[in-house]
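Student: mmCIF, C-alpha atoms, file model.cif:
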data_model
loop_
_atom_site.group_PDB
_atom_site.id
_atom_site.type_symbol
_atom_site.label_atom_id
_atom_site.label_comp_id
_atom_site.auth_asym_id
_atom_site.auth_seq_id
_atom_site.Cartn_x
_atom_site.Cartn_y
_atom_site.Cartn_z
ATOM 1 C CA MET A 1 35.406 -2.164 -4.345
ATOM 2 C CA LYS A 2 31.882 -3.497 -3.847
ATOM 3 C CA LYS A 3 32.566 -4.100 -0.137
ATOM 4 C CA LEU A 4 33.895 -0.539 0.217
ATOM 5 C CA TYR A 5 30.764 0.828 -1.530
ATOM 6 C CA LEU A 6 28.484 -1.124 0.819
ATOM 7 C CA LEU A 7 30.453 0.048 3.849
ATOM 8 C CA CYS A 8 30.028 3.686 2.749
ATOM 9 C CA ILE A 9 26.279 3.175 2.378
ATOM 10 C CA PHE A 10 25.928 1.773 5.902
ATOM 11 C CA ILE A 11 28.099 4.532 7.389
ATOM 12 C CA PHE A 12 25.821 7.098 5.722
ATOM 13 C CA LEU A 13 22.690 5.425 7.034
ATOM 14 C CA GLY A 14 24.186 5.149 10.508
ATOM 15 C CA ILE A 15 25.081 8.858 10.603
ATOM 16 C CA THR A 16 21.644 9.865 9.329
ATOM 17 C CA THR A 17 19.736 7.834 11.897
ATOM 18 C CA SER A 18 21.981 8.639 14.852
ATOM 19 C CA LYS A 19 21.408 12.363 14.323
ATOM 20 C CA ALA A 20 17.646 11.814 14.394
ATOM 21 C CA GLN A 21 17.376 9.879 17.648
ATOM 22 C CA GLY A 22 14.702 11.320 19.902
ATOM 23 C CA THR A 23 12.645 12.742 17.020
ATOM 24 C CA GLU A 24 8.932 12.744 17.866
ATOM 25 C CA VAL A 25 6.725 10.729 15.539
ATOM 26 C CA GLU A 26 3.837 12.770 14.202
ATOM 27 C CA GLU A 27 0.448 11.491 13.150
ATOM 28 C CA LYS A 28 -0.978 11.716 9.619
ATOM 29 C CA ILE A 29 2.304 11.637 7.767
ATOM 30 C CA PRO A 30 3.239 9.804 4.545
ATOM 31 C CA PHE A 31 4.458 6.516 5.953
ATOM 32 C CA THR A 32 1.170 5.574 7.625
ATOM 33 C CA GLU A 33 -0.572 4.813 4.320
ATOM 34 C CA PRO A 34 -1.359 1.409 2.748
ATOM 35 C CA ARG A 35 1.705 -0.704 1.886
ATOM 36 C CA PHE A 36 4.061 1.835 3.533
ATOM 37 C CA ARG A 37 2.962 1.316 7.166
ATOM 38 C CA TYR A 38 5.456 2.071 9.911
ATOM 39 C CA TYR A 39 3.369 2.746 13.040
ATOM 40 C CA LEU A 40 0.931 -0.169 13.303
ATOM 41 C CA GLN A 41 1.574 -3.863 13.798
ATOM 42 C CA THR A 42 0.704 -5.320 10.418
ATOM 43 C CA LEU A 43 0.399 -8.687 8.733
ATOM 44 C CA LEU A 44 0.347 -8.677 4.953
ATOM 45 C CA PHE A 45 -0.717 -11.758 2.996
ATOM 46 C CA TYR A 46 -0.416 -11.544 -0.761
ATOM 47 C CA ASN A 47 -0.208 -13.700 -3.838
ATOM 48 C CA GLU A 48 1.666 -12.651 -6.965
ATOM 49 C CA TYR A 49 1.581 -14.373 -10.349
ATOM 50 C CA LEU A 50 4.316 -13.611 -12.896
ATOM 51 C CA ASP A 51 4.330 -14.746 -16.521
ATOM 52 C CA THR A 52 7.816 -15.256 -17.989
ATOM 53 C CA ASP A 53 9.243 -16.485 -21.269
ATOM 54 C CA ASN A 54 10.140 -19.789 -19.579
ATOM 55 C CA GLY A 55 6.882 -20.436 -17.725
ATOM 56 C CA SER A 56 5.340 -18.808 -14.662
ATOM 57 C CA PHE A 57 6.124 -18.104 -11.031
ATOM 58 C CA ASN A 58 3.550 -17.830 -8.268
ATOM 59 C CA THR A 59 4.570 -16.426 -4.892
ATOM 60 C CA THR A 60 2.440 -16.547 -1.765
ATOM 61 C CA GLN A 61 4.033 -14.355 0.847
ATOM 62 C CA VAL A 62 3.543 -13.472 4.500
ATOM 63 C CA ARG A 63 5.057 -10.197 5.708
ATOM 64 C CA GLY A 64 5.065 -8.991 9.293
ATOM 65 C CA LEU A 65 5.705 -5.377 10.335
ATOM 66 C CA LEU A 66 6.463 -4.568 13.974
ATOM 67 C CA PRO A 67 6.991 -0.980 15.239
ATOM 68 C CA ILE A 68 9.480 -0.690 18.097
ATOM 69 C CA GLY A 69 10.690 2.036 20.430
ATOM 70 C CA SER A 70 9.127 5.417 19.666
ATOM 71 C CA LYS A 71 7.529 3.808 16.584
ATOM 72 C CA ALA A 72 10.011 5.633 14.388
ATOM 73 C CA TRP A 73 11.706 2.218 14.107
ATOM 74 C CA ASN A 74 10.111 -0.711 12.319
ATOM 75 C CA LEU A 75 11.077 -4.361 11.880
ATOM 76 C CA ARG A 76 9.994 -6.370 8.845
ATOM 77 C CA PHE A 77 9.986 -10.116 8.150
ATOM 78 C CA ASP A 78 9.219 -11.841 4.817
ATOM 79 C CA LEU A 79 8.450 -15.518 4.249
ATOM 80 C CA PRO A 80 7.744 -16.524 0.609
ATOM 81 C CA LEU A 81 6.311 -19.781 -0.747
ATOM 82 C CA VAL A 82 7.203 -20.038 -4.443
ATOM 83 C CA SER A 83 5.753 -22.251 -7.199
ATOM 84 C CA ALA A 84 7.694 -22.566 -10.456
ATOM 85 C CA ASN A 85 5.845 -23.922 -13.490
ATOM 86 C CA THR A 86 7.763 -24.564 -16.697
ATOM 87 C CA ASN A 87 7.571 -26.990 -19.582
ATOM 88 C CA GLU A 88 9.966 -29.313 -17.759
ATOM 89 C CA THR A 89 8.755 -29.266 -14.179
ATOM 90 C CA ASN A 90 6.270 -27.929 -11.647
ATOM 91 C CA LYS A 91 7.478 -27.538 -8.086
ATOM 92 C CA THR A 92 6.805 -25.564 -4.900
ATOM 93 C CA GLY A 93 8.931 -24.608 -1.908
ATOM 94 C CA ILE A 94 10.217 -21.894 0.420
ATOM 95 C CA GLY A 95 12.044 -19.043 -1.300
ATOM 96 C CA ASP A 96 14.596 -16.574 0.074
ATOM 97 C CA VAL A 97 13.411 -15.281 3.460
ATOM 98 C CA GLY A 98 14.085 -11.671 4.363
ATOM 99 C CA MET A 99 14.407 -9.325 7.310
ATOM 100 C CA GLY A 100 14.615 -5.542 7.399
ATOM 101 C CA ILE A 101 14.713 -2.535 9.670
ATOM 102 C CA SER A 102 13.424 0.968 8.885
ATOM 103 C CA TYR A 103 13.858 4.325 10.561
ATOM 104 C CA ILE A 104 12.342 7.782 10.056
ATOM 105 C CA PRO A 105 14.959 10.494 10.730
ATOM 106 C CA PHE A 106 12.832 13.440 9.537
ATOM 107 C CA MET A 107 9.137 14.246 9.734
ATOM 108 C CA LYS A 108 7.502 17.654 9.396
ATOM 109 C CA ASN A 109 3.956 18.637 8.529
ATOM 110 C CA SER A 110 2.929 16.525 5.506
ATOM 111 C CA GLN A 111 6.312 15.245 4.386
ATOM 112 C CA GLY A 112 8.901 12.853 5.667
ATOM 113 C CA VAL A 113 12.064 10.890 5.021
ATOM 114 C CA ALA A 114 12.772 7.252 5.868
ATOM 115 C CA VAL A 115 15.713 4.890 5.488
ATOM 116 C CA ARG A 116 15.621 1.119 5.369
ATOM 117 C CA ALA A 117 18.047 -1.790 5.230
ATOM 118 C CA ARG A 118 16.963 -5.310 4.245
ATOM 119 C CA VAL A 119 18.833 -8.603 3.987
ATOM 120 C CA TYR A 120 17.549 -11.588 2.035
ATOM 121 C CA ALA A 121 19.073 -14.947 2.934
ATOM 122 C CA ASN A 122 20.151 -17.672 0.545
ATOM 123 C CA SER A 123 17.491 -19.931 2.054
ATOM 124 C CA ALA A 124 15.485 -21.202 -0.919
ATOM 125 C CA VAL A 125 15.010 -24.973 -0.860
ATOM 126 C CA ASP A 126 15.523 -25.145 -4.641
ATOM 127 C CA PRO A 127 17.732 -23.004 -6.931
ATOM 128 C CA ALA A 128 14.645 -22.093 -8.972
ATOM 129 C CA PHE A 129 13.023 -20.422 -5.938
ATOM 130 C CA GLY A 130 15.736 -17.898 -5.100
ATOM 131 C CA SER A 131 18.777 -15.963 -6.227
ATOM 132 C CA GLY A 132 21.352 -18.311 -4.700
ATOM 133 C CA LYS A 133 22.867 -15.282 -2.960
ATOM 134 C CA TRP A 134 22.748 -13.341 0.274
ATOM 135 C CA VAL A 135 21.595 -9.856 -0.702
ATOM 136 C CA VAL A 136 21.701 -6.557 1.202
ATOM 137 C CA MET A 137 19.302 -3.747 0.170
ATOM 138 C CA PRO A 138 19.740 -0.251 1.668
ATOM 139 C CA ALA A 139 17.019 2.221 0.613
ATOM 140 C CA PHE A 140 15.988 5.861 1.002
ATOM 141 C CA PHE A 141 12.373 7.179 0.884
ATOM 142 C CA TYR A 142 10.813 10.616 0.564
ATOM 143 C CA GLY A 143 7.043 11.056 0.962
ATOM 144 C CA ARG A 144 4.753 14.074 0.622
ATOM 145 C CA TYR A 145 1.012 14.715 0.775
ATOM 146 C CA PHE A 146 -0.800 17.045 -1.621
ATOM 147 C CA ASN A 147 -4.325 18.476 -1.808
ATOM 148 C CA SER A 148 -5.360 18.122 1.846
ATOM 149 C CA LYS A 149 -3.899 14.625 2.116
ATOM 150 C CA LYS A 150 -6.010 13.231 -0.724
ATOM 151 C CA ASN A 151 -2.891 12.563 -2.783
ATOM 152 C CA LEU A 152 0.402 11.059 -1.665
ATOM 153 C CA TRP A 153 3.674 10.788 -3.576
ATOM 154 C CA ILE A 154 6.456 8.495 -2.372
ATOM 155 C CA SER A 155 9.792 8.371 -4.151
ATOM 156 C CA SER A 156 12.502 5.864 -3.267
ATOM 157 C CA PHE A 157 15.923 4.607 -4.272
ATOM 158 C CA GLU A 158 17.150 1.134 -3.329
ATOM 159 C CA TYR A 159 20.464 -0.534 -4.079
ATOM 160 C CA GLN A 160 20.608 -4.343 -4.094
ATOM 161 C CA GLN A 161 24.002 -6.033 -3.751
ATOM 162 C CA SER A 162 24.912 -9.677 -3.153
ATOM 163 C CA PHE A 163 27.733 -10.347 -0.711
ATOM 164 C CA ALA A 164 27.792 -14.143 -0.289
ATOM 165 C CA GLY A 165 26.230 -17.318 -1.635
ATOM 166 C CA SER A 166 26.693 -19.742 -4.501
ATOM 167 C CA SER A 167 29.638 -19.040 -6.791
ATOM 168 C CA GLN A 168 27.649 -20.718 -9.568
ATOM 169 C CA ARG A 169 25.027 -17.943 -9.590
ATOM 170 C CA ASN A 170 25.331 -14.432 -11.001
ATOM 171 C CA ASP A 171 26.205 -11.618 -8.625
ATOM 172 C CA ILE A 172 23.379 -9.185 -7.910
ATOM 173 C CA SER A 173 24.001 -5.465 -8.397
ATOM 174 C CA ILE A 174 20.781 -3.554 -9.074
ATOM 175 C CA GLY A 175 19.719 0.042 -8.550
ATOM 176 C CA VAL A 176 15.969 0.753 -8.293
ATOM 177 C CA PHE A 177 14.428 4.227 -8.599
ATOM 178 C CA GLU A 178 10.691 4.119 -7.894
ATOM 179 C CA ASN A 179 7.832 6.617 -7.750
ATOM 180 C CA VAL A 180 4.285 5.828 -6.599
ATOM 181 C CA LEU A 181 1.305 8.193 -6.456
ATOM 182 C CA PHE A 182 -1.747 7.408 -4.277
ATOM 183 C CA HIS A 183 -5.177 9.024 -4.458
ATOM 184 C CA PHE A 184 -7.519 8.476 -1.494
ATOM 185 C CA PHE A 185 -11.293 8.763 -1.596
ATOM 186 C CA GLY A 186 -13.645 7.499 1.098
ATOM 187 C CA LYS A 187 -12.543 4.014 2.122
ATOM 188 C CA ASN A 188 -10.700 3.496 -1.166
ATOM 189 C CA TRP A 189 -7.412 4.293 -2.813
ATOM 190 C CA ILE A 190 -5.968 4.018 -6.304
ATOM 191 C CA ALA A 191 -2.286 4.163 -7.113
ATOM 192 C CA GLY A 192 0.145 4.115 -10.006
ATOM 193 C CA ASP A 193 3.806 3.189 -9.796
ATOM 194 C CA VAL A 194 6.811 3.139 -12.117
ATOM 195 C CA ALA A 195 10.102 1.515 -11.095
ATOM 196 C CA PHE A 196 13.287 1.860 -13.119
ATOM 197 C CA ARG A 197 15.769 -0.942 -12.409
ATOM 198 C CA TYR A 198 19.293 -1.062 -13.781
ATOM 199 C CA ASN A 199 21.062 -4.405 -13.491
ATOM 200 C CA SER A 200 24.779 -3.660 -13.721
ATOM 201 C CA THR A 201 25.627 -7.374 -13.879
ATOM 202 C CA LEU A 202 23.589 -7.738 -17.081
ATOM 203 C CA LYS A 203 24.134 -4.097 -18.104
ATOM 204 C CA GLY A 204 20.438 -3.786 -18.874
ATOM 205 C CA TYR A 205 17.119 -2.407 -17.627
ATOM 206 C CA GLN A 206 14.492 -4.541 -15.819
ATOM 207 C CA ASN A 207 11.747 -1.951 -15.287
ATOM 208 C CA ASN A 208 8.124 -2.430 -14.307
ATOM 209 C CA ALA A 209 4.944 -0.443 -13.672
ATOM 210 C CA TYR A 210 1.646 -1.185 -11.937
ATOM 211 C CA VAL A 211 -1.749 0.275 -11.158
ATOM 212 C CA GLU A 212 -3.517 -0.552 -7.908
ATOM 213 C CA TYR A 213 -6.955 -0.409 -6.339
ATOM 214 C CA GLY A 214 -7.434 -0.859 -2.593
ATOM 215 C CA ARG A 215 -10.239 -0.573 -0.062
ATOM 216 C CA LYS A 216 -10.671 -0.635 3.699
ATOM 217 C CA ILE A 217 -13.239 -3.383 4.389
ATOM 218 C CA THR A 218 -13.204 -3.154 8.213
ATOM 219 C CA PRO A 219 -11.531 -0.699 10.623
ATOM 220 C CA THR A 220 -8.485 -2.991 10.760
ATOM 221 C CA ASN A 221 -8.505 -4.827 7.422
ATOM 222 C CA LEU A 222 -7.616 -3.601 3.944
ATOM 223 C CA VAL A 223 -7.525 -5.388 0.589
ATOM 224 C CA TYR A 224 -5.863 -4.455 -2.686
ATOM 225 C CA ILE A 225 -5.238 -5.763 -6.190
ATOM 226 C CA HIS A 226 -2.745 -4.604 -8.766
ATOM 227 C CA PRO A 227 -1.759 -5.766 -12.222
ATOM 228 C CA SER A 228 1.763 -5.000 -13.410
ATOM 229 C CA VAL A 229 3.786 -5.073 -16.600
ATOM 230 C CA ALA A 230 7.542 -5.241 -17.120
ATOM 231 C CA PHE A 231 9.478 -3.295 -19.733
ATOM 232 C CA GLY A 232 13.105 -2.945 -20.731
ATOM 233 C CA GLY A 233 15.594 -4.962 -22.732
ATOM 234 C CA ASP A 234 16.341 -7.467 -19.945
ATOM 235 C CA LYS A 235 12.969 -7.668 -18.192
ATOM 236 C CA THR A 236 12.523 -10.566 -15.754
ATOM 237 C CA TYR A 237 8.842 -11.181 -16.557
ATOM 238 C CA ASN A 238 6.119 -10.127 -19.022
ATOM 239 C CA TYR A 239 3.128 -9.300 -16.835
ATOM 240 C CA GLY A 240 1.958 -9.979 -13.294
ATOM 241 C CA LEU A 241 -1.065 -9.861 -11.022
ATOM 242 C CA GLU A 242 -0.896 -9.360 -7.255
ATOM 243 C CA ALA A 243 -3.680 -9.351 -4.657
ATOM 244 C CA GLY A 244 -3.276 -8.902 -0.931
ATOM 245 C CA VAL A 245 -4.847 -8.429 2.477
ATOM 246 C CA LEU A 246 -3.450 -6.168 5.225
ATOM 247 C CA ILE A 247 -4.445 -6.990 8.799
ATOM 248 C CA LEU A 248 -3.723 -4.272 11.361
ATOM 249 C CA PHE A 249 -3.538 -5.142 15.063
#
Please go through the file and, once you have read it, give me the structure as structure tokens.
Tutor:
Amino acid sequence: MKKLYLLCIFIFLGITTSKAQGTEVEEKIPFTEPRFRYYLQTLLFYNEYLDTDNGSFNTTQVRGLLPIGSKAWNLRFDLPLVSANTNETNKTGIGDVGMGISYIPFMKNSQGVAVRARVYANSAVDPAFGSGKWVVMPAFFYGRYFNSKKNLWISSFEYQQSFAGSSQRNDISIGVFENVLFHFFGKNWIAGDVAFRYNSTLKGYQNNAYVEYGRKITPTNLVYIHPSVAFGGDKTYNYGLEAGVLILF
């Protein structure tokens, strides 16, 4: 049943994108903004600290974004270095690496739609650094500007499903509905985000929210910082702090 559900998702995404081939990419549309870049070659370096009931996790990650074709397509690569610190042990190693592809089938005036598919490999060098599973993550995005492009709302839904990996680890089946609102002023932006996650394996919610402040420090470099907090009966962490640098080239 799970395989059939995944197949239906990919058929839907394939139909949606095939109908949109040849669409012209417009400038000044939602998916050009910080952390949702589709049209510029981008390197993102960030560090995230998460406090949990069993210790803490610190992830240093490198993400590369590469537009291809008409720039309506975008490739993404993720390489995480994870440190796990608990009462029993402290260790560091490579986590689950990921790859994704995005496409924008619709763009008009100040709104747009995008679809994305990501796969995370069971590549962590230690069970504590990854899920122990291969995970596929199809997603749908809708973005819209308000108030002369000073405010941007992006809403998304992503489904995460494991399809291979260790039989000793729990299957992954998570739906994520997320909404983020940006406000831009001068070289700065502030943002607030709420993500509702339902884990059907645990039959519980693993939600989180964050606020963010970012600033353009050079024409091609941006920095941001955002604290986050988790909520829900089965939350995966208590609070977190992330800081990052975007390099455009």
Student: Can you turn the PyMOL selection byres ((chain A and resi 188) around 9) into a concrete residue list for this file, as a list in words?
Tutor: His183, Phe184, Phe185, Gly186, Lys187, Trp189, Ile190, Tyr213, Gly214, Arg215 and Lys216 of chain A
Student: Under the PyMOL selection byres ((chain A and resi 99-107) around 7), which residues of this model are included? Write them out as a list in words.
Tutor: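 When the PyMOL selection byres ((chain A and resi 99-107) around 7) is applied to the shown file, the picked residues are Thr16, Thr17, Ala20, Ala72, Trp73, Asn74, Leu75, Arg76, Phe77, Asp78, Gly98, Lys108, Asn109, Gln111, Gly112, Val113, Ala114, Val115, Arg116, Ala117, Arg118, Val119 and Tyr120 of chain A.
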Student: Could you tell me, as a ChimeraX atom specification, exactly which residues end up selected when the PyMOL selection byres ((chain A and resi 92-96) around 8) is applied to this structure?
Tutor: /A:79-84,90-91,97-98,120-126,129-131
Student: If you measure from CA of Asn208 in chain A to CA of Leu246 in chain A, what distance in Å do you get, rounded to one decimal?
Tutor: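 Computing the Euclidean distance for CA of Asn208 in chain A and CA of Leu246 in chain A yields 23.0 Å.
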Student: Report as a list in words all protein, DNA and RNA residues lying within 8 Å of Leu44 in chain A, evaluated on all atoms listed in the file, omitting residues in the same chain fewer than 3 positions from it.
Tutor: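 Result of the neighbour search: Gln61, Val62, Arg63, Gly64, Gly244, Val245, Leu246 and Ile247 of chain A.
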Student: Could you tell me how far CA of Thr60 in chain A lies from CA of Gly240 in chain A, in Å and to one decimal?
Tutor: 13.3 Å
Student: Looking at all atoms listed in the file, which of A:His226, A:Lys71, A:Lys203, A:Arg37 is the one that sits closest to Tyr239 in chain A?
Tutor: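 The answer is A:His226, which sits nearest to Tyr239 in chain A.
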Student: Would you please work out which residue, of A:Thr89, A:Asn199, A:Ser148, A:Ser70, is nearest to Ile29 in chain A when using all atoms listed in the file?
Tutor: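 Checking each candidate against Ile29 in chain A, we get A:Ser148 as the closest.
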Student: Find, counting only C-alpha atoms, the residue in A:Thr220, A:Ser200, A:Ala230, A:Phe36 that gets nearest to Leu248 in chain A.
Tutor: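 Ranking A:Thr220, A:Ser200, A:Ala230, A:Phe36 by distance to Leu248 in chain A, first place goes to A:Thr220.
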Student: Considering only C-alpha atoms, return as a count of residues only whatever protein or nucleic-acid residues lie within 6 Å of Asn47 in chain A, sequence-local ones (same chain, fewer than 5 positions apart) excluded.
Tutor: 4
